[in-house]
file query-v7.txt (compact mmCIF, C-alpha atoms)
# COMPACT_ATOMS: atom_id res chain seq x y z
CA MET A 1 55.45 131.99 86.94
CA LYS A 2 58.80 133.42 85.83
CA ILE A 3 59.04 136.93 87.27
CA PHE A 4 61.59 139.71 86.82
CA ILE A 5 61.77 142.04 89.82
CA THR A 6 63.56 145.31 90.46
CA GLY A 7 64.53 146.33 93.99
CA ALA A 8 65.01 142.77 95.24
CA SER A 9 67.96 143.83 97.40
CA GLY A 10 65.66 146.29 99.19
CA PHE A 11 62.93 145.96 101.78
CA VAL A 12 59.77 145.40 99.72
CA GLY A 13 61.43 143.59 96.83
CA GLY A 14 63.44 141.30 99.08
CA ALA A 15 60.42 140.34 101.16
CA THR A 16 58.43 139.66 97.98
CA VAL A 17 61.04 137.23 96.67
CA ALA A 18 61.48 135.53 100.05
CA GLN A 19 57.75 134.98 100.54
CA LEU A 20 56.70 134.12 96.99
CA LYS A 21 59.68 132.07 95.79
CA ARG A 22 57.89 128.79 96.55
CA ASP A 23 55.38 129.52 93.81
CA HIS A 24 57.44 131.56 91.35
CA GLU A 25 60.91 131.80 89.81
CA PHE A 26 62.50 135.21 90.37
CA LEU A 27 65.06 136.91 88.16
CA CYS A 28 66.30 139.97 90.05
CA MET A 29 67.88 143.16 88.80
CA SER A 30 71.27 143.50 90.46
CA ARG A 31 73.86 146.25 90.10
CA SER A 32 76.68 144.85 92.23
CA GLU A 33 78.17 141.82 93.96
CA ALA A 34 76.80 143.10 97.27
CA ALA A 35 73.31 143.14 95.77
CA ASP A 36 73.92 139.65 94.32
CA ALA A 37 74.55 138.32 97.83
CA LYS A 38 71.34 139.87 99.23
CA ILE A 39 69.31 138.51 96.32
CA LYS A 40 70.69 135.00 96.63
CA ALA A 41 70.02 135.08 100.38
CA VAL A 42 66.28 135.59 99.78
CA GLY A 43 66.11 132.98 97.01
CA GLY A 44 66.37 135.01 93.80
CA ALA A 45 68.67 134.77 90.79
CA PRO A 46 70.69 137.97 90.14
CA VAL A 47 70.65 139.50 86.65
CA ARG A 48 73.29 142.16 86.09
CA CYS A 49 71.51 145.32 84.93
CA SER A 50 70.32 148.59 86.41
CA LEU A 51 67.40 151.02 86.41
CA GLY A 52 67.15 152.55 82.97
CA ASP A 53 69.19 149.77 81.38
CA VAL A 54 67.03 146.64 81.45
CA ARG A 55 67.16 145.09 78.00
CA GLU A 56 64.96 142.63 76.19
CA GLU A 57 67.49 139.83 76.64
CA HIS A 58 67.30 140.25 80.41
CA LEU A 59 63.60 139.36 80.21
CA CYS A 60 63.77 136.18 78.17
CA GLY A 61 60.83 133.93 79.12
CA VAL A 62 59.58 136.37 81.75
CA GLU A 63 55.80 136.37 82.21
CA ALA A 64 55.48 139.18 84.75
CA ILE A 65 57.49 142.09 86.12
CA ILE A 66 57.33 143.54 89.64
CA HIS A 67 58.82 147.03 89.61
CA SER A 68 59.74 147.79 93.20
CA ALA A 69 62.90 149.88 92.80
CA ALA A 70 62.76 153.68 93.03
CA TYR A 71 64.83 156.62 94.16
CA VAL A 72 63.47 157.21 97.66
CA GLU A 73 66.29 159.23 99.20
CA ALA A 74 65.24 162.21 101.29
CA TRP A 75 67.33 164.61 99.23
CA GLY A 76 68.94 164.81 95.82
CA PRO A 77 68.94 166.62 92.48
CA TRP A 78 65.65 166.73 90.58
CA LYS A 79 67.31 164.97 87.62
CA ILE A 80 68.11 161.88 89.70
CA TYR A 81 64.50 161.58 90.87
CA TRP A 82 63.25 161.96 87.29
CA ASP A 83 65.80 159.58 85.76
CA MET A 84 65.34 156.84 88.37
CA ASN A 85 61.60 157.10 88.97
CA VAL A 86 60.15 158.18 85.63
CA ALA A 87 62.61 157.64 82.78
CA ALA A 88 63.71 154.25 84.15
CA THR A 89 60.10 153.12 84.55
CA LYS A 90 59.32 154.09 80.96
CA GLN A 91 62.44 152.24 79.76
CA LEU A 92 61.43 149.11 81.68
CA LEU A 93 57.91 149.27 80.26
CA ALA A 94 59.31 149.45 76.72
CA ALA A 95 61.68 146.53 77.33
CA ALA A 96 58.86 144.49 78.85
CA LYS A 97 56.60 145.04 75.86
CA ALA A 98 59.40 144.16 73.44
CA ALA A 99 60.08 140.94 75.36
CA GLY A 100 56.42 139.88 75.33
CA VAL A 101 55.87 140.21 79.09
CA LYS A 102 52.18 139.87 79.91
CA ARG A 103 51.83 141.51 83.37
CA PHE A 104 53.52 144.53 84.96
CA VAL A 105 52.99 145.19 88.68
CA HIS A 106 54.24 148.61 89.72
CA ILE A 107 54.83 149.44 93.39
CA GLY A 108 53.45 152.91 93.89
CA THR A 109 52.83 155.04 96.97
CA GLU A 110 50.28 157.37 98.49
CA ALA A 111 52.94 160.07 98.08
CA CYS A 112 52.00 160.27 94.40
CA LEU A 113 48.87 162.15 95.58
CA PHE A 114 50.59 164.38 98.13
CA HIS A 115 51.22 168.08 97.60
CA GLY A 116 51.13 169.12 101.27
CA GLN A 117 47.48 168.51 102.16
CA HIS A 118 45.78 166.27 104.71
CA MET A 119 44.64 163.06 103.02
CA ARG A 120 41.65 161.73 104.93
CA ASP A 121 39.75 158.61 103.88
CA ILE A 122 41.29 158.90 100.42
CA ASP A 123 40.83 156.27 97.75
CA GLU A 124 42.04 155.65 94.21
CA THR A 125 39.86 158.44 92.77
CA ALA A 126 42.14 161.11 94.28
CA PRO A 127 44.14 162.95 91.57
CA LEU A 128 47.83 162.38 91.03
CA ALA A 129 50.04 165.25 92.27
CA PHE A 130 51.82 166.17 89.03
CA ASN A 131 52.61 169.64 90.42
CA ALA A 132 53.73 168.60 93.90
CA PRO A 133 56.57 170.68 95.36
CA TYR A 134 58.35 167.49 96.41
CA PRO A 135 60.49 165.66 93.79
CA TYR A 136 59.57 162.21 95.14
CA SER A 137 55.81 162.84 95.03
CA ARG A 138 55.88 164.42 91.62
CA THR A 139 58.06 161.79 89.96
CA LYS A 140 56.12 158.90 91.49
CA ALA A 141 52.95 160.48 90.06
CA PHE A 142 54.45 160.65 86.58
CA ALA A 143 55.83 157.12 86.89
CA GLU A 144 52.44 155.72 87.88
CA GLN A 145 50.73 157.52 85.02
CA ALA A 146 53.25 156.03 82.59
CA VAL A 147 52.50 152.55 83.91
CA ARG A 148 48.76 152.97 83.61
CA ASP A 149 49.04 154.53 80.14
CA ALA A 150 51.13 151.55 78.96
CA ASN A 151 48.30 149.11 79.68
CA GLU A 152 47.03 147.10 76.69
CA PRO A 153 44.14 144.83 77.70
CA GLY A 154 44.85 141.20 76.95
CA VAL A 155 48.34 141.99 75.66
CA PHE A 156 50.31 143.90 78.28
CA GLU A 157 48.39 144.38 81.50
CA THR A 158 49.57 146.82 84.16
CA VAL A 159 48.51 147.13 87.79
CA VAL A 160 49.68 149.56 90.48
CA ILE A 161 49.92 148.46 94.12
CA ARG A 162 50.07 151.43 96.52
CA PRO A 163 51.17 150.75 100.11
CA ARG A 164 51.39 153.49 102.73
CA PHE A 165 54.05 153.64 105.49
CA VAL A 166 55.61 150.20 104.93
CA TRP A 167 56.98 148.72 108.14
CA GLY A 168 58.04 145.43 109.70
CA PRO A 169 61.08 143.16 110.04
CA GLY A 170 63.77 143.85 107.48
CA ASP A 171 63.08 147.60 107.28
CA GLN A 172 66.13 149.37 105.86
CA THR A 173 64.88 152.94 106.08
CA MET A 174 62.87 153.94 109.15
CA LEU A 175 64.77 152.22 111.95
CA PRO A 176 68.24 153.29 110.75
CA GLU A 177 66.97 156.86 110.42
CA LEU A 178 65.39 156.79 113.89
CA ARG A 179 68.62 155.49 115.42
CA LYS A 180 70.60 158.23 113.70
CA LEU A 181 68.22 160.99 114.82
CA VAL A 182 68.09 159.79 118.41
CA LYS A 183 71.88 159.50 118.58
CA SER A 184 72.36 163.00 117.15
CA GLY A 185 69.69 164.51 119.39
CA GLY A 186 67.70 165.58 116.35
CA PHE A 187 64.56 163.51 116.93
CA MET A 188 61.36 165.30 117.82
CA TRP A 189 57.64 164.71 117.43
CA ILE A 190 55.89 166.99 114.95
CA ASN A 191 52.67 168.26 116.53
CA GLY A 192 53.26 165.71 119.27
CA GLY A 193 52.91 162.83 116.80
CA THR A 194 49.13 163.28 116.68
CA ALA A 195 48.72 162.95 112.90
CA LYS A 196 46.51 159.99 112.01
CA THR A 197 47.82 157.48 109.53
CA SER A 198 47.20 154.24 107.72
CA THR A 199 50.12 151.80 107.61
CA SER A 200 51.20 148.73 105.65
CA HIS A 201 52.96 145.81 107.33
CA ILE A 202 55.43 144.21 104.94
CA ASP A 203 53.54 140.89 104.90
CA ASN A 204 50.37 142.72 103.91
CA VAL A 205 52.22 144.53 101.13
CA VAL A 206 53.53 141.23 99.75
CA GLU A 207 50.00 139.82 99.89
CA GLY A 208 48.81 142.76 97.80
CA ILE A 209 51.61 142.19 95.29
CA ARG A 210 50.77 138.47 95.11
CA LEU A 211 47.17 139.26 94.31
CA GLY A 212 48.19 141.91 91.79
CA LEU A 213 50.08 139.34 89.74
CA THR A 214 46.84 137.66 88.65
CA LYS A 215 43.89 139.72 89.89
CA GLY A 216 42.45 143.18 89.60
CA ARG A 217 41.43 145.27 86.62
CA ASP A 218 44.37 146.05 84.37
CA GLY A 219 45.32 149.70 84.15
CA GLU A 220 44.10 150.29 87.72
CA ALA A 221 45.73 151.26 91.03
CA TYR A 222 45.01 149.62 94.39
CA PHE A 223 45.80 150.86 97.89
CA ILE A 224 47.09 148.15 100.24
CA THR A 225 47.18 148.88 103.99
CA ASP A 226 46.74 147.22 107.39
CA ASP A 227 43.14 148.55 107.34
CA GLU A 228 43.65 150.28 110.69
CA ILE A 229 44.15 153.91 111.67
CA VAL A 230 46.70 154.91 114.32
CA THR A 231 48.61 158.03 115.30
CA MET A 232 52.14 158.62 114.11
CA ARG A 233 53.26 158.50 117.73
CA HIS A 234 51.71 155.08 118.28
CA ILE A 235 53.24 153.37 115.25
CA VAL A 236 56.66 155.04 115.36
CA SER A 237 56.98 154.44 119.13
CA GLY A 238 55.90 150.84 118.65
CA ILE A 239 58.46 150.20 115.91
CA ALA A 240 61.22 151.90 117.91
CA GLY A 241 60.25 150.06 121.10
CA ALA A 242 60.33 146.71 119.32
CA ASP A 243 63.93 147.54 118.43
CA GLY A 244 64.75 148.55 122.01
CA LEU A 245 65.04 152.20 121.02
CA GLU A 246 63.62 154.79 123.43
CA LEU A 247 62.37 157.93 121.72
CA PRO A 248 62.64 161.29 123.50
CA ASP A 249 59.53 163.34 124.26
CA LYS A 250 60.72 166.47 122.46
CA HIS A 251 58.18 168.01 120.10
CA ALA A 252 57.68 171.01 117.86
CA PRO A 253 54.76 172.51 115.91
CA ALA A 254 54.47 171.60 112.24
CA TRP A 255 54.80 175.23 111.10
CA LEU A 256 58.15 175.57 112.83
CA VAL A 257 59.55 172.30 111.50
CA GLY A 258 58.29 173.17 108.03
CA ALA A 259 59.96 176.58 108.16
CA LEU A 260 63.20 174.98 109.32
CA ALA A 261 63.05 172.44 106.51
CA PHE A 262 62.43 175.19 103.95
CA THR A 263 65.43 177.14 105.24
CA LEU A 264 67.69 174.08 105.27
CA GLU A 265 66.71 173.20 101.70
CA LYS A 266 67.53 176.75 100.59
CA ALA A 267 70.92 176.50 102.31
CA SER A 268 71.59 173.15 100.67
CA ARG A 269 70.92 174.54 97.21
CA LEU A 270 73.17 177.48 97.99
CA PHE A 271 76.11 175.42 99.28
CA GLY A 272 75.63 172.42 96.99
CA SER A 273 76.14 168.73 97.68
CA SER A 274 78.39 169.43 100.69
CA PHE A 275 75.32 170.38 102.74
CA GLU A 276 72.39 167.98 103.03
CA PRO A 277 69.37 169.26 105.00
CA MET A 278 68.74 167.55 108.33
CA ILE A 279 65.05 167.46 107.42
CA THR A 280 63.25 168.12 104.14
CA ARG A 281 59.87 169.75 103.50
CA PHE A 282 58.52 166.43 102.26
CA ALA A 283 59.55 164.59 105.44
CA ALA A 284 58.21 167.37 107.68
CA ASP A 285 54.91 167.68 105.83
CA ILE A 286 54.16 163.97 105.35
CA MET A 287 54.72 163.33 109.09
CA ALA A 288 52.51 166.26 110.11
CA ARG A 289 49.49 165.56 107.90
CA ASP A 290 46.74 162.99 108.40
CA CYS A 291 46.83 160.18 105.84
CA THR A 292 44.01 157.67 106.20
CA ILE A 293 43.16 155.38 103.31
CA ASN A 294 40.04 153.55 102.18
CA ILE A 295 40.93 150.12 100.76
CA ALA A 296 37.45 149.04 99.67
CA LYS A 297 38.61 148.74 96.06
CA ALA A 298 41.40 146.28 96.90
CA LYS A 299 39.01 144.25 99.03
CA SER A 300 36.37 143.98 96.33
CA GLU A 301 38.51 143.68 93.19
CA LEU A 302 41.65 141.90 94.43
CA GLY A 303 40.03 139.94 97.25
CA TYR A 304 42.56 141.54 99.59
CA ALA A 305 42.42 141.19 103.37
CA PRO A 306 45.30 142.09 105.72
CA LEU A 307 47.22 139.09 107.05
CA VAL A 308 48.96 140.84 109.96
CA PRO A 309 47.20 143.29 112.33
CA ILE A 310 49.31 146.15 113.65
CA GLU A 311 49.60 144.99 117.27
CA GLU A 312 50.47 141.46 116.19
CA GLY A 313 53.13 142.81 113.85
CA LEU A 314 54.66 144.94 116.61
CA ALA A 315 54.66 141.98 118.99
CA ARG A 316 56.41 139.83 116.40
CA MET A 317 59.08 142.45 115.89
CA LYS A 318 59.68 142.75 119.62
CA GLU A 319 60.01 138.97 119.91
CA GLY A 320 62.31 138.85 116.90
CA ASP A 321 59.84 136.64 115.00
CA THR A 322 59.84 137.45 111.30
call {"tool": "encode", "arguments": {"input": "query-v7.txt", "output": "structure tokens"}}
result
Amino acid sequence: MKIFITGASGFVGGATVAQLKRDHEFLCMSRSEAADAKIKAVGGAPVRCSLGDVREEHLCGVEAIIHSAAYVEAWGPWKIYWDMNVAATKQLLAAAKAAGVKRFVHIGTEACLFHGQHMRDIDETAPLAFNAPYPYSRTKAFAEQAVRDANEPGVFETVVIRPRFVWGPGDQTMLPELRKLVKSGGFMWINGGTAKTSTSHIDNVVEGIRLGLTKGRDGEAYFITDDEIVTMRHIVSGIAGADGLELPDKHAPAWLVGALAFTLEKASRLFGSSFEPMITRFAADIMARDCTINIAKAKSELGYAPLVPIEEGLARMKEGDT
């Protein structure tokens, strides 16, 4: 299959190309020469374009699109989140339809449901958080709704794959942030790291994407996880330990961290781009709340089963085996 993918220079997109290139040809959105090099290294072909500016000619002969790119930064103006996560998704959908693409696989997130609450044993029936106080959650909710609304059975079929807490070799977000926090002395466990969570090893995420290319009911969303529940402390400590990083035992209650994040966000808006908050409300709240996910729908409709258990994935990381 000839596939166009966004985000191929990132964690999820890059792993998808690297693992599925034997069976598919990948054309990859690329905004720079640096991105070109990363894309070529995983086996994709760079196509010079950017989010919000993918044209019909970029999709010539493409049968399916995997939309992995998004604005996931911890902080930024609302307009950037909207433009990159919602407007760009709508533009890509329109270009895909015009080019005659048949399948559109959108990489979503459990955050599209999150407005500050615990999420325990949630499934795909939970409502999207269109009024979330967090720009990332809200814009990912609107982006997912746009994808599902664009579905045309038998003509242009859309599927949403929702991982939670993606981790594993090649991570470009969590480990760098942990290193920075430990070095600065800013790392601490929220509520002692006791929040329960589902997780998604990168190989399991790619397996979900692979299945989504040909299986599942169009217009539907599917959670993809490791099908295990652990505490935040267990998984974060395990990932850090596999990297040789020792995390301090400092901790603080969620209410205090949340209040600090609220104050820092207020200060950032007051002083502008020169002041970025050390922690945001979204980061504080998502780490403090339980998030356990029921993946029965993916099992029954996609035929999904995790390939890598958590402890095996951690052991592989520690041994440097990708």
call {"tool": "atom_distance", "arguments": {"input": "query-v7.txt", "atom1": "CA of Phe142 (chain A)", "atom2": "CA of Arg281 (chain A)"}}
result
20.0 Å
call {"tool": "atom_distance", "arguments": {"input": "query-v7.txt", "atom1": "CA of Ala35 (chain A)", "atom2": "CA of Gly244 (chain A)"}}
result
28.1 Å
call {"tool": "atom_distance", "arguments": {"input": "query-v7.txt", "atom1": "CA of Asp243 (chain A)", "atom2": "CA of Ile286 (chain A)"}}
result
23.2 Å
call {"tool": "closest_atom_pairs", "arguments": {"input": "query-v7.txt", "of": "region 88-206 of chain A", "to": "region 44-52 of chain A", "cutoff": "12 Å", "atoms": "only C-alpha atoms", "output": "CSV"}}
result
residue,atom,partner,partner_atom,distance
A:Ala88,CA,A:Gly52,CA,4.0
A:Thr89,CA,A:Gly52,CA,7.2
A:Lys90,CA,A:Gly52,CA,8.2
A:Gln91,CA,A:Gly52,CA,5.7
A:Leu92,CA,A:Gly52,CA,6.8
A:Leu93,CA,A:Gly52,CA,10.2
A:Ala94,CA,A:Gly52,CA,10.5
A:Ala95,CA,A:Gly52,CA,9.9
call {"tool": "residues_around", "arguments": {"input": "query-v7.txt", "residues": "region 107-117 of chain A", "least_positions_apart": "4", "cutoff": "8 Å", "atoms": "all atoms listed in the file", "output": "list in words"}}
result
Ile66, His67, Ser68, Ala126, Pro127, Leu128, Ala129, Phe130, Asn131, Ala132, Pro133, Tyr134, Tyr136, Ser137, Arg138, Thr139, Lys140, Ala141, Glu144, Val160, Ile161, Arg162, Pro163, Arg164, Phe223, Phe282, Asp285, Ile286 and Arg289 of chain A
call {"tool": "residues_around", "arguments": {"input": "query-v7.txt", "residues": "Arg148 (chain A)", "least_positions_apart": "6", "cutoff": "8 Å", "atoms": "all atoms listed in the file", "output": "JSON, numbers by chain"}}
result
{"A": [158, 159, 160, 219, 220]}
call {"tool": "residues_around", "arguments": {"input": "query-v7.txt", "residues": "region 233-236 of chain A", "least_positions_apart": "3", "cutoff": "9 Å", "atoms": "all atoms listed in the file", "output": "list in words"}}
result
Met174, Trp189, Gly192, Gly193, Thr194, Ala195, Lys196, Thr197, Thr199, Val230, Ile239, Ala240, Gly241, Ile310 and Leu314 of chain A
call {"tool": "closest_residue", "arguments": {"input": "query-v7.txt", "among": "A:Tyr81, A:Phe187, A:Phe11, A:Tyr71", "to": "Trp167 (chain A)", "atoms": "all atoms listed in the file"}}
result
A:Phe11
call {"tool": "residues_around", "arguments": {"input": "query-v7.txt", "residues": "Gly61 (chain A)", "least_positions_apart": "5", "cutoff": "9 Å", "atoms": "all atoms listed in the file", "output": "MDAnalysis selection string"}}
result
chainID A and resid 2:3 99:101
call {"tool": "residues_around", "arguments": {"input": "query-v7.txt", "residues": "Gly272 (chain A)", "least_positions_apart": "6", "cutoff": "12 Å", "atoms": "all atoms listed in the file", "output": "MDAnalysis selection string"}}
result
chainID A and resid 75:77 264:266
call {"tool": "closest_residue", "arguments": {"input": "query-v7.txt", "among": "A:Met287, A:Ala254, A:Ile293, A:Val17", "to": "Glu228 (chain A)", "atoms": "only C-alpha atoms"}}
result
A:Ile293
call {"tool": "closest_residue", "arguments": {"input": "query-v7.txt", "among": "A:Gln172, A:His24, A:Gly10, A:Thr231", "to": "Asp36 (chain A)", "atoms": "all atoms listed in the file"}}
result
A:Gly10
call {"tool": "axis_aligned_box", "arguments": {"input": "query-v7.txt", "around": "region 175-184 of chain A", "padding_each_side": "3 Å", "output": "lines of an AutoDock Vina configuration file"}}
result
center_x = 68.6
center_y = 157.6
center_z = 114.5
size_x = 13.6
size_y = 16.8
size_z = 14.2
call {"tool": "closest_residue", "arguments": {"input": "query-v7.txt", "among": "A:Ser300, A:Ala34, A:Val205, A:Met317", "to": "Leu175 (chain A)", "atoms": "all atoms listed in the file"}}
result
A:Met317
call {"tool": "decode", "arguments": {"input": "query-v7.txt", "residues": "region 201-232 of chain A", "atoms": "N, CA and C atoms", "output": "mmCIF file, in the first residue's frame"}}
result
data_model
loop_
_atom_site.group_PDB
_atom_site.id
_atom_site.type_symbol
_atom_site.label_atom_id
_atom_site.label_comp_id
_atom_site.auth_asym_id
_atom_site.auth_seq_id
_atom_site.Cartn_x
_atom_site.Cartn_y
_atom_site.Cartn_z
ATOM 1 N N HIS A 201 3.175 0.680 24.900
ATOM 2 C CA HIS A 201 4.512 0.514 24.338
ATOM 3 C C HIS A 201 4.468 0.828 22.847
ATOM 4 N N ILE A 202 5.522 1.431 22.345
ATOM 5 C CA ILE A 202 5.539 1.884 20.956
ATOM 6 C C ILE A 202 5.250 0.756 19.968
ATOM 7 N N ASP A 203 5.738 -0.446 20.237
ATOM 8 C CA ASP A 203 5.463 -1.568 19.323
ATOM 9 C C ASP A 203 3.978 -1.925 19.321
ATOM 10 N N ASN A 204 3.328 -1.780 20.462
ATOM 11 C CA ASN A 204 1.895 -2.048 20.528
ATOM 12 C C ASN A 204 1.093 -0.975 19.796
ATOM 13 N N VAL A 205 1.576 0.268 19.880
ATOM 14 C CA VAL A 205 0.921 1.355 19.147
ATOM 15 C C VAL A 205 1.009 1.101 17.640
ATOM 16 N N VAL A 206 2.193 0.739 17.165
ATOM 17 C CA VAL A 206 2.361 0.463 15.736
ATOM 18 C C VAL A 206 1.483 -0.703 15.299
ATOM 19 N N GLU A 207 1.347 -1.704 16.150
ATOM 20 C CA GLU A 207 0.458 -2.828 15.832
ATOM 21 C C GLU A 207 -0.988 -2.343 15.681
ATOM 22 N N GLY A 208 -1.409 -1.444 16.548
ATOM 23 C CA GLY A 208 -2.752 -0.886 16.430
ATOM 24 C C GLY A 208 -2.930 -0.101 15.144
ATOM 25 N N ILE A 209 -1.914 0.662 14.769
ATOM 26 C CA ILE A 209 -1.958 1.430 13.516
ATOM 27 C C ILE A 209 -2.016 0.478 12.324
ATOM 28 N N ARG A 210 -1.203 -0.566 12.361
ATOM 29 C CA ARG A 210 -1.204 -1.553 11.266
ATOM 30 C C ARG A 210 -2.595 -2.143 11.078
ATOM 31 N N LEU A 211 -3.220 -2.497 12.152
ATOM 32 C CA LEU A 211 -4.561 -3.073 12.062
ATOM 33 C C LEU A 211 -5.571 -2.043 11.563
ATOM 34 N N GLY A 212 -5.399 -0.799 12.000
ATOM 35 C CA GLY A 212 -6.315 0.258 11.606
ATOM 36 C C GLY A 212 -6.287 0.583 10.128
ATOM 37 N N LEU A 213 -5.220 0.213 9.450
ATOM 38 C CA LEU A 213 -5.127 0.470 8.012
ATOM 39 C C LEU A 213 -6.129 -0.356 7.204
ATOM 40 N N THR A 214 -6.534 -1.496 7.727
ATOM 41 C CA THR A 214 -7.423 -2.377 6.958
ATOM 42 C C THR A 214 -8.614 -2.899 7.753
ATOM 43 N N LYS A 215 -8.588 -2.747 9.082
ATOM 44 C CA LYS A 215 -9.639 -3.349 9.904
ATOM 45 C C LYS A 215 -10.352 -2.294 10.735
ATOM 46 N N GLY A 216 -11.423 -2.739 11.372
ATOM 47 C CA GLY A 216 -12.202 -1.847 12.214
ATOM 48 C C GLY A 216 -13.337 -1.206 11.446
ATOM 49 N N ARG A 217 -14.327 -0.746 12.183
ATOM 50 C CA ARG A 217 -15.459 -0.056 11.574
ATOM 51 C C ARG A 217 -15.069 1.385 11.263
ATOM 52 N N ASP A 218 -15.310 1.811 10.039
ATOM 53 C CA ASP A 218 -14.949 3.175 9.674
ATOM 54 C C ASP A 218 -15.807 4.178 10.453
ATOM 55 N N GLY A 219 -15.179 5.309 10.758
ATOM 56 C CA GLY A 219 -15.827 6.328 11.563
ATOM 57 C C GLY A 219 -15.733 6.081 13.052
ATOM 58 N N GLU A 220 -14.975 5.051 13.458
ATOM 59 C CA GLU A 220 -14.883 4.676 14.868
ATOM 60 C C GLU A 220 -13.504 4.982 15.458
ATOM 61 N N ALA A 221 -13.445 5.045 16.781
ATOM 62 C CA ALA A 221 -12.191 5.224 17.515
ATOM 63 C C ALA A 221 -11.879 3.950 18.283
ATOM 64 N N TYR A 222 -10.568 3.677 18.454
ATOM 65 C CA TYR A 222 -10.129 2.465 19.148
ATOM 66 C C TYR A 222 -8.971 2.789 20.090
ATOM 67 N N PHE A 223 -9.141 2.463 21.363
ATOM 68 C CA PHE A 223 -8.039 2.581 22.314
ATOM 69 C C PHE A 223 -7.055 1.431 22.088
ATOM 70 N N ILE A 224 -5.770 1.757 22.152
ATOM 71 C CA ILE A 224 -4.699 0.770 22.034
ATOM 72 C C ILE A 224 -3.768 0.943 23.229
ATOM 73 N N THR A 225 -3.652 -0.088 24.077
ATOM 74 C CA THR A 225 -2.763 -0.005 25.235
ATOM 75 C C THR A 225 -2.015 -1.325 25.410
ATOM 76 N N ASP A 226 -1.202 -1.374 26.465
ATOM 77 C CA ASP A 226 -0.481 -2.600 26.818
ATOM 78 C C ASP A 226 -1.391 -3.594 27.534
ATOM 79 N N ASP A 227 -2.616 -3.189 27.817
ATOM 80 C CA ASP A 227 -3.610 -4.025 28.506
ATOM 81 C C ASP A 227 -3.141 -4.439 29.901
ATOM 82 N N GLU A 228 -2.434 -3.526 30.555
ATOM 83 C CA GLU A 228 -1.998 -3.714 31.940
ATOM 84 C C GLU A 228 -2.229 -2.409 32.684
ATOM 85 N N ILE A 229 -2.341 -2.482 33.992
ATOM 86 C CA ILE A 229 -2.493 -1.285 34.814
ATOM 87 C C ILE A 229 -1.341 -1.227 35.811
ATOM 88 N N VAL A 230 -0.659 -0.091 35.849
ATOM 89 C CA VAL A 230 0.462 0.109 36.760
ATOM 90 C C VAL A 230 0.321 1.481 37.410
ATOM 91 N N THR A 231 1.154 1.760 38.397
ATOM 92 C CA THR A 231 1.174 3.108 38.964
ATOM 93 C C THR A 231 2.113 3.988 38.143
ATOM 94 N N MET A 232 1.895 5.281 38.232
ATOM 95 C CA MET A 232 2.796 6.225 37.574
ATOM 96 C C MET A 232 4.229 6.014 38.055
#
